[in-house]
>>> print(open('query-v2.pdb').read())   # PDB, C-alpha atoms
ATOM      1  CA  MET A   1      -4.760  24.195  12.875
ATOM      2  CA  PRO A   2      -8.553  24.837  12.825
ATOM      3  CA  GLY A   3     -10.491  23.263   9.978
ATOM      4  CA  ILE A   4      -7.719  20.758   9.233
ATOM      5  CA  PRO A   5      -8.092  17.096  10.262
ATOM      6  CA  LEU A   6      -5.523  15.352  12.443
ATOM      7  CA  PRO A   7      -2.427  14.108  10.597
ATOM      8  CA  PRO A   8      -2.756  10.564   9.197
ATOM      9  CA  GLU A   9      -0.921   7.886  11.152
ATOM     10  CA  PRO A  10       1.446   5.811   8.987
ATOM     11  CA  ILE A  11       1.289   2.018   9.223
ATOM     12  CA  ILE A  12       4.796   0.557   9.009
ATOM     13  CA  THR A  13       3.961  -2.102   6.414
ATOM     14  CA  ARG A  14       1.834   0.075   4.098
ATOM     15  CA  TRP A  15       3.640   2.515   1.802
ATOM     16  CA  GLY A  16       0.504   4.441   0.934
ATOM     17  CA  THR A  17      -0.051   5.507   4.539
ATOM     18  CA  TRP A  18       3.473   6.975   4.701
ATOM     19  CA  LEU A  19       2.880   8.902   1.493
ATOM     20  CA  ASN A  20      -0.501  10.163   2.751
ATOM     21  CA  ALA A  21       1.194  11.448   5.908
ATOM     22  CA  GLU A  22       3.942  13.098   3.850
ATOM     23  CA  LEU A  23       1.384  14.772   1.578
ATOM     24  CA  PHE A  24      -0.493  16.054   4.638
ATOM     25  CA  TYR A  25       2.684  17.711   5.983
ATOM     26  CA  ALA A  26       3.662  19.004   2.540
ATOM     27  CA  ASN A  27       0.212  20.592   2.053
ATOM     28  CA  ASN A  28       0.091  22.063   5.573
ATOM     29  CA  PHE A  29       3.777  22.684   6.232
ATOM     30  CA  GLU A  30       3.595  26.378   7.164
ATOM     31  CA  LYS A  31       0.609  25.904   9.488
ATOM     32  CA  PHE A  32       2.265  22.893  11.134
ATOM     33  CA  LYS A  33       5.509  24.852  11.479
ATOM     34  CA  ASN A  34       3.655  27.727  13.201
ATOM     35  CA  VAL A  35       2.038  25.287  15.653
ATOM     36  CA  ILE A  36       5.394  23.672  16.518
ATOM     37  CA  GLU A  37       7.178  27.024  16.907
ATOM     38  CA  SER A  38       4.414  28.281  19.221
ATOM     39  CA  LEU A  39       4.940  25.397  21.679
ATOM     40  CA  LYS A  40       6.410  26.563  24.991
ATOM     41  CA  ASP A  41       7.321  23.071  26.224
ATOM     42  CA  ASP A  42      11.083  22.546  26.623
ATOM     43  CA  ALA A  43      10.901  18.758  26.144
ATOM     44  CA  LEU A  44      13.616  17.217  23.983
ATOM     45  CA  SER A  45      11.055  15.965  21.448
ATOM     46  CA  VAL A  46       9.670  19.499  20.994
ATOM     47  CA  GLU A  47      13.185  20.908  20.563
ATOM     48  CA  LYS A  48      13.921  18.286  17.880
ATOM     49  CA  LEU A  49      10.656  19.115  16.109
ATOM     50  CA  LYS A  50      11.504  22.829  16.139
ATOM     51  CA  LEU A  51      14.862  22.069  14.521
ATOM     52  CA  LEU A  52      13.242  19.810  11.913
ATOM     53  CA  VAL A  53      10.640  22.356  10.777
ATOM     54  CA  GLN A  54      13.416  24.922  10.309
ATOM     55  CA  ASP A  55      15.630  22.502   8.356
ATOM     56  CA  ASN A  56      15.527  23.406   4.658
ATOM     57  CA  ALA A  57      16.347  19.803   3.695
ATOM     58  CA  VAL A  58      13.042  18.663   5.251
ATOM     59  CA  LYS A  59      11.079  21.238   3.259
ATOM     60  CA  CYS A  60      12.928  20.310   0.047
ATOM     61  CA  GLY A  61      12.332  16.598   0.700
ATOM     62  CA  LEU A  62       8.612  17.155   1.209
ATOM     63  CA  ALA A  63       8.415  19.201  -1.998
ATOM     64  CA  PHE A  64      10.330  16.510  -3.951
ATOM     65  CA  ILE A  65       8.090  13.691  -2.731
ATOM     66  CA  LYS A  66       4.897  15.720  -3.327
ATOM     67  CA  LEU A  67       6.003  16.551  -6.864
ATOM     68  CA  HIS A  68       7.005  13.049  -7.927
ATOM     69  CA  LEU A  69       5.026  10.637  -5.743
ATOM     70  CA  SER A  70       1.608  12.250  -5.127
ATOM     71  CA  GLU A  71      -0.031  10.060  -7.827
ATOM     72  CA  LEU A  72       1.407   6.972  -6.185
ATOM     73  CA  CYS A  73      -1.053   7.148  -3.243
ATOM     74  CA  THR A  74      -4.099   6.884  -5.490
ATOM     75  CA  ASN A  75      -2.593   4.053  -7.514
ATOM     76  CA  LEU A  76      -1.597   2.102  -4.387
ATOM     77  CA  LYS A  77      -5.116   2.496  -2.995
ATOM     78  CA  ASN A  78      -6.604   1.264  -6.291
ATOM     79  CA  LEU A  79      -4.197  -1.682  -6.304
ATOM     80  CA  GLU A  80      -5.375  -2.725  -2.829
ATOM     81  CA  GLU A  81      -9.040  -3.042  -3.880
ATOM     82  CA  SER A  82     -10.678  -6.418  -3.321
ATOM     83  CA  ASN A  83     -11.958  -8.540  -6.231
ATOM     84  CA  SER A  84     -10.045  -6.592  -8.848
ATOM     85  CA  GLU A  85      -9.347  -8.311 -12.173
ATOM     86  CA  LEU A  86      -5.751  -9.235 -12.975
ATOM     87  CA  LEU A  87      -5.816  -7.071 -16.118
ATOM     88  CA  LYS A  88      -6.860  -3.984 -14.130
ATOM     89  CA  SER A  89      -4.374  -4.691 -11.304
ATOM     90  CA  MET A  90      -1.469  -5.160 -13.720
ATOM     91  CA  ASP A  91      -2.320  -1.905 -15.520
ATOM     92  CA  ILE A  92      -2.273  -0.069 -12.188
ATOM     93  CA  PHE A  93       1.000  -1.755 -11.251
ATOM     94  CA  ARG A  94       2.558  -0.639 -14.540
ATOM     95  CA  LYS A  95       1.544   2.957 -13.745
ATOM     96  CA  ILE A  96       3.232   2.599 -10.348
ATOM     97  CA  GLU A  97       6.328   1.144 -12.021
ATOM     98  CA  ASP A  98       6.424   4.086 -14.471
ATOM     99  CA  ILE A  99       6.112   6.601 -11.632
ATOM    100  CA  LEU A 100       8.905   4.975  -9.609
ATOM    101  CA  THR A 101      11.309   4.504 -12.527
ATOM    102  CA  ASN A 102      10.941   8.013 -13.972
ATOM    103  CA  ILE A 103      11.867  10.083 -10.916
ATOM    104  CA  PRO A 104      14.863  12.297 -11.781
ATOM    105  CA  GLY A 105      18.086  12.881  -9.872
ATOM    106  CA  PRO A 106      20.184  10.723  -7.560
ATOM    107  CA  GLU A 107      17.224   9.976  -5.258
ATOM    108  CA  GLY A 108      15.214   8.895  -8.286
ATOM    109  CA  GLY A 109      18.084   6.601  -9.299
ATOM    110  CA  LYS A 110      17.999   4.914  -5.888
ATOM    111  CA  ILE A 111      14.229   4.463  -6.079
ATOM    112  CA  LYS A 112      14.464   3.028  -9.604
ATOM    113  CA  GLU A 113      17.237   0.634  -8.568
ATOM    114  CA  LYS A 114      15.234  -0.610  -5.571
ATOM    115  CA  CYS A 115      12.064  -0.951  -7.663
ATOM    116  CA  MET A 116      13.833  -2.977 -10.355
ATOM    117  CA  TYR A 117      15.520  -5.185  -7.736
ATOM    118  CA  VAL A 118      12.189  -6.013  -6.053
ATOM    119  CA  ILE A 119      10.430  -6.726  -9.363
ATOM    120  CA  GLU A 120      13.224  -8.900 -10.779
ATOM    121  CA  LYS A 121      13.397 -10.925  -7.557
ATOM    122  CA  ASN A 122       9.650 -11.662  -7.549
ATOM    123  CA  GLU A 123       9.040 -14.905  -9.483
ATOM    124  CA  GLY A 124       5.273 -14.757  -8.863
ATOM    125  CA  TYR A 125       5.079 -11.363 -10.554
ATOM    126  CA  LYS A 126       6.870 -12.736 -13.624
ATOM    127  CA  THR A 127       4.315 -15.550 -13.858
ATOM    128  CA  LEU A 128       1.349 -13.200 -13.468
ATOM    129  CA  LYS A 129       2.874 -10.848 -16.041
ATOM    130  CA  CYS A 130       3.000 -13.745 -18.528
ATOM    131  CA  TYR A 131      -0.679 -14.557 -17.822
ATOM    132  CA  TYR A 132      -1.555 -10.867 -18.156
ATOM    133  CA  GLU A 133       0.027 -10.741 -21.593
ATOM    134  CA  VAL A 134      -1.994 -13.769 -22.757
ATOM    135  CA  MET A 135      -5.197 -12.253 -21.305
ATOM    136  CA  SER A 136      -4.359  -8.997 -23.122
ATOM    137  CA  GLY A 137      -4.365 -10.831 -26.447
ATOM    138  CA  LYS A 138      -0.684 -11.508 -27.099
ATOM    139  CA  ALA A 139      -0.401 -14.850 -28.875
ATOM    140  CA  ASN A 140       3.362 -15.418 -28.814
ATOM    141  CA  VAL A 141       3.757 -15.934 -25.049
ATOM    142  CA  ASN A 142       5.112 -19.236 -23.737
ATOM    143  CA  LEU A 143       2.112 -20.379 -21.662
ATOM    144  CA  ASP A 144       2.881 -23.086 -19.083
ATOM    145  CA  ILE A 145      -0.742 -23.851 -18.079
ATOM    146  CA  THR A 146      -3.927 -24.900 -19.865
ATOM    147  CA  PRO A 147      -6.382 -22.277 -21.182
ATOM    148  CA  THR A 148      -9.000 -23.510 -18.671
ATOM    149  CA  LEU A 149      -6.627 -23.028 -15.754
ATOM    150  CA  LEU A 150      -5.571 -19.600 -17.043
ATOM    151  CA  ASN A 151      -9.214 -18.540 -16.809
ATOM    152  CA  CYS A 152      -9.029 -19.190 -13.059
ATOM    153  CA  PHE A 153      -6.405 -16.419 -12.795
ATOM    154  CA  LYS A 154      -8.851 -13.738 -13.966
ATOM    155  CA  TYR A 155      -9.160 -12.387 -10.404
ATOM    156  CA  ALA A 156      -5.693 -13.353  -9.166
ATOM    157  CA  PRO A 157      -4.508 -10.724  -6.662
ATOM    158  CA  ILE A 158      -1.060  -9.268  -7.270
ATOM    159  CA  THR A 159      -0.734  -7.982  -3.702
ATOM    160  CA  SER A 160      -1.017  -9.685  -0.324
ATOM    161  CA  VAL A 161      -3.542  -7.114   0.942
ATOM    162  CA  ASP A 162      -6.518  -9.508   0.838
ATOM    163  CA  VAL A 163      -4.596 -12.107   2.831
ATOM    164  CA  GLU A 164      -3.549  -9.503   5.403
ATOM    165  CA  ARG A 165      -7.147  -8.294   5.667
ATOM    166  CA  SER A 166      -8.255 -11.888   6.292
ATOM    167  CA  PHE A 167      -5.683 -12.337   9.055
ATOM    168  CA  SER A 168      -6.783  -9.078  10.672
ATOM    169  CA  LEU A 169     -10.398 -10.204  10.537
ATOM    170  CA  TYR A 170      -9.798 -13.787  11.683
ATOM    171  CA  LYS A 171      -7.560 -12.904  14.625
ATOM    172  CA  HIS A 172     -10.691 -11.598  16.359
ATOM    173  CA  ILE A 173     -12.487 -14.912  15.947
ATOM    174  CA  LEU A 174     -10.378 -17.124  18.209
ATOM    175  CA  THR A 175      -9.798 -15.009  21.283
ATOM    176  CA  ASN A 176      -9.365 -15.900  24.951
ATOM    177  CA  ARG A 177     -13.030 -15.047  25.501
ATOM    178  CA  ARG A 178     -14.319 -17.842  23.253
ATOM    179  CA  PHE A 179     -14.499 -21.260  24.910
ATOM    180  CA  ASN A 180     -17.320 -23.149  23.158
ATOM    181  CA  PHE A 181     -16.507 -22.754  19.489
ATOM    182  CA  ASN A 182     -17.205 -26.048  17.750
ATOM    183  CA  GLU A 183     -16.283 -26.910  14.162
ATOM    184  CA  ASN A 184     -19.747 -26.161  12.681
ATOM    185  CA  ASN A 185     -20.017 -22.780  14.409
ATOM    186  CA  LEU A 186     -16.538 -21.840  13.247
ATOM    187  CA  GLU A 187     -17.403 -22.748   9.656
ATOM    188  CA  MET A 188     -20.607 -20.660   9.720
ATOM    189  CA  TYR A 189     -18.793 -17.748  11.353
ATOM    190  CA  LEU A 190     -16.076 -17.804   8.660
ATOM    191  CA  ILE A 191     -18.692 -17.888   5.882
ATOM    192  CA  ILE A 192     -20.517 -14.904   7.406
ATOM    193  CA  ASN A 193     -17.256 -12.958   7.685
ATOM    194  CA  PHE A 194     -16.273 -13.866   4.132
ATOM    195  CA  ASN A 195     -19.646 -12.773   2.745
ATOM    196  CA  SER A 196     -19.564  -9.513   4.698
ATOM    197  CA  LYS A 197     -16.212  -8.673   2.994
ATOM    198  CA  MET A 198     -17.708  -9.080  -0.477
TER     199      MET A 198
END
>>> encode(input="query-v2.pdb", output="structure tokens")
Amino acid sequence: MPGIPLPPEPIITRWGTWLNAELFYANNFEKFKNVIESLKDDALSVEKLKLLVQDNAVKCGLAFIKLHLSELCTNLKNLEESNSELLKSMDIFRKIEDILTNIPGPEGGKIKEKCMYVIEKNEGYKTLKCYYEVMSGKANVNLDITPTLLNCFKYAPITSVDVERSFSLYKHILTNRRFNFNENNLEMYLIINFNSKM
């Protein structure tokens, strides 16, 4: 497939990477199919791939996802930005919610049901939604914190992406190769890493 980059590799815990991979295959399906069909290898994996690219259900599934979920990738990426204001993050999340709850057909019904289940189960989201409504100017919301404390939620993240990024960064700090890390050095190292993320 000259001129086309390698397919994106999905990360199990990140939805957006799965959708990016799906969109890659949807956009390049015929070229990918030609490559797979030209393989001479008789390995079981190649045989399975040849059957998959000829399966009409796979092509229909790719078309369905591309049609209804292509906007989701951009919105998920925007939602994962660091230092985003709660108002902006909640607006993006509402777009995502609209996308997921307005997909037609039986598959859309399953997606909507799952989406509603996850949202209703998340108590933290309900709290942030209440704060969002107050920040948006609604005066009739039952606010359970002081106005000063509410101001501290201006940059409250609604995803765990920042925390996961921190863990990924910090796991490289304490490795088996470091033996003489004292408390002061660790503190300075963490500050440098924090400032480099900003």
>>> atom_distance(input="query-v2.pdb", atom1="CA of Leu86 in chain A", atom2="CA of Pro157 in chain A")
6.6 Å
>>> resolve_selection(input="query-v2.pdb", expression="the PyMOL selection byres ((chain A and resi 142) around 12)", output="number ranges by chain")
A: 127, 129-131, 133-134, 138-141, 143-146
>>> resolve_selection(input="query-v2.pdb", expression="the PyMOL selection byres ((chain A and resi 61-65) around 9)", output="list in words")
Leu19, Glu22, Leu23, Tyr25, Ala26, Phe29, Asn56, Ala57, Val58, Lys59, Cys60, Lys66, Leu67, His68, Leu69 and Ser70 of chain A
>>> atom_distance(input="query-v2.pdb", atom1="CA of Leu79 in chain A", atom2="CA of Tyr117 in chain A")
20.1 Å
>>> residues_around(input="query-v2.pdb", residues="Thr159 in chain A", least_positions_apart="5", cutoff="12 Å", atoms="all atoms listed in the file", output="number ranges by chain")
A: 14, 76-84, 86, 89-90, 92-93, 122, 124-125, 128, 164-165
>>> atom_distance(input="query-v2.pdb", atom1="CA of Leu87 in chain A", atom2="CA of Asn20 in chain A")
26.1 Å
>>> closest_residue(input="query-v2.pdb", among="A:Val118, A:Phe24, A:Leu186, A:Phe32", to="Pro10 in chain A", atoms="all atoms listed in the file")
A:Phe24
>>> axis_aligned_box(input="query-v2.pdb", around="range 175-178 of chain A", padding_each_side="3 Å", output="AutoDock Vina command-line options")
--center_x -11.8 --center_y -16.4 --center_z 23.4 --size_x 11.0 --size_y 8.8 --size_z 10.2
>>> residues_around(input="query-v2.pdb", residues="Ile173 in chain A", least_positions_apart="5", cutoff="12 Å", atoms="all atoms listed in the file", output="list of chain:residue names")
A:Ser166, A:Phe167, A:Ser168, A:Arg178, A:Phe179, A:Asn180, A:Phe181, A:Asn185, A:Leu186, A:Glu187, A:Met188, A:Tyr189, A:Leu190, A:Ile192, A:Asn193
>>> residues_around(input="query-v2.pdb", residues="Thr101 in chain A", least_positions_apart="2", cutoff="10 Å", atoms="all atoms listed in the file", output="list in words")
Lys95, Ile96, Glu97, Asp98, Ile99, Ile103, Pro104, Gly108, Gly109, Lys110, Ile111, Lys112, Glu113, Lys114, Cys115 and Met116 of chain A
>>> closest_residue(input="query-v2.pdb", among="A:Leu6, A:Ile36, A:Ile191, A:Val163", to="Leu51 in chain A", atoms="all atoms listed in the file")
A:Ile36
